[in-house]
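Please read the structure below before turning to the comments.
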Amino acid sequence: MSDGWSREIVELHEFFEGWLSGTLPATDAAFVRFEQVTSTGFTFVGPNASVLDRSAVLTLVRDAHGARPGLRIRIENPTVHHELGPLLVATYEEWQKIGTETTARLSTALFRARHGTPCGVEWLHVHETWLPTPGRGKDNS
């Protein structure tokens, strides 16, 4: 899968930063970046144990356009754990900052190679877990 998976992680989070902060336009043309890289069976497990299917995630993200002005996201420590044929399991840290508030998640993602996507992969599953950040407890509450 080459490095398409790591580029995809960074590029999709650049989309999230722009969409959620409102610096990307609230158009179908901008949102398609997210739609085209999530598989029809995509699932997301949030850091608070919520489980969402693709439809729910797409609606949640679309409705959140501009909801987090000033949001900055950085990705750290992308690591491949398993690669088998067209499938790859990776982890990465996602650090979000708005003003002085910082949150962090450890994300595990399952990718599948897919031609026609920006980086040659699609997201099948993501599971996030809170990471401790300065000034917050282990559960980030």
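Labels used: A, B, ... for chains in the order of the structure tokens, numbers from 1 for residues in each chain, and numbers from 1 for ligands as shown.
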DSSP strand (DSSP E) residues within stretch 33-107 of chain A, as a count of residues only: 43
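Near A:Gly41, within 8 Å and counting only C-alpha atoms, sit A:Asp53, A:Arg54, A:Leu124, not including residues fewer than 4 positions from it in the same chain.
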Output for the residues just chosen: N, CA and C atoms as a JSON list (two decimals), in the first residue's frame:
```json
[["chain", "number", "residue", "atom", "x", "y", "z"],
["A", 53, "ASP", "N", -22.34, 4.13, 12.51],
["A", 53, "ASP", "CA", -22.14, 3.62, 11.16],
["A", 53, "ASP", "C", -21.80, 4.79, 10.23],
["A", 54, "ARG", "N", -21.52, 4.47, 8.98],
["A", 54, "ARG", "CA", -21.10, 5.49, 8.02],
["A", 54, "ARG", "C", -22.12, 6.62, 7.89],
["A", 124, "LEU", "N", -12.11, 1.64, 6.62],
["A", 124, "LEU", "CA", -13.12, 0.63, 6.94],
["A", 124, "LEU", "C", -13.62, 0.77, 8.38]]
```
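Pairwise distance (atom CA of A:Leu12, atom CA of A:Arg33) equals 7.7 Å.
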Near-A:Glu17 list (7 Å; only C-alpha atoms; drop same-chain fewer than 4 positions) as number ranges by chain: A: 13, 21, 71-73
Residue neighbourhood A:His115, 12 Å, only C-alpha atoms, exclusion window fewer than 4 positions, as a list in words: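 The filter keeps Met1, Gly4, Gln36, Val37, Pro86, Cys119, Gly120, Val121 and Glu122 of chain A.
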Straight-line distance linking atom CA of A:Gly18 with atom CA of A:Leu88, stated in Å to one decimal: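 Computing the Euclidean distance for atom CA of A:Gly18 and atom CA of A:Leu88 yields 26.5 Å.
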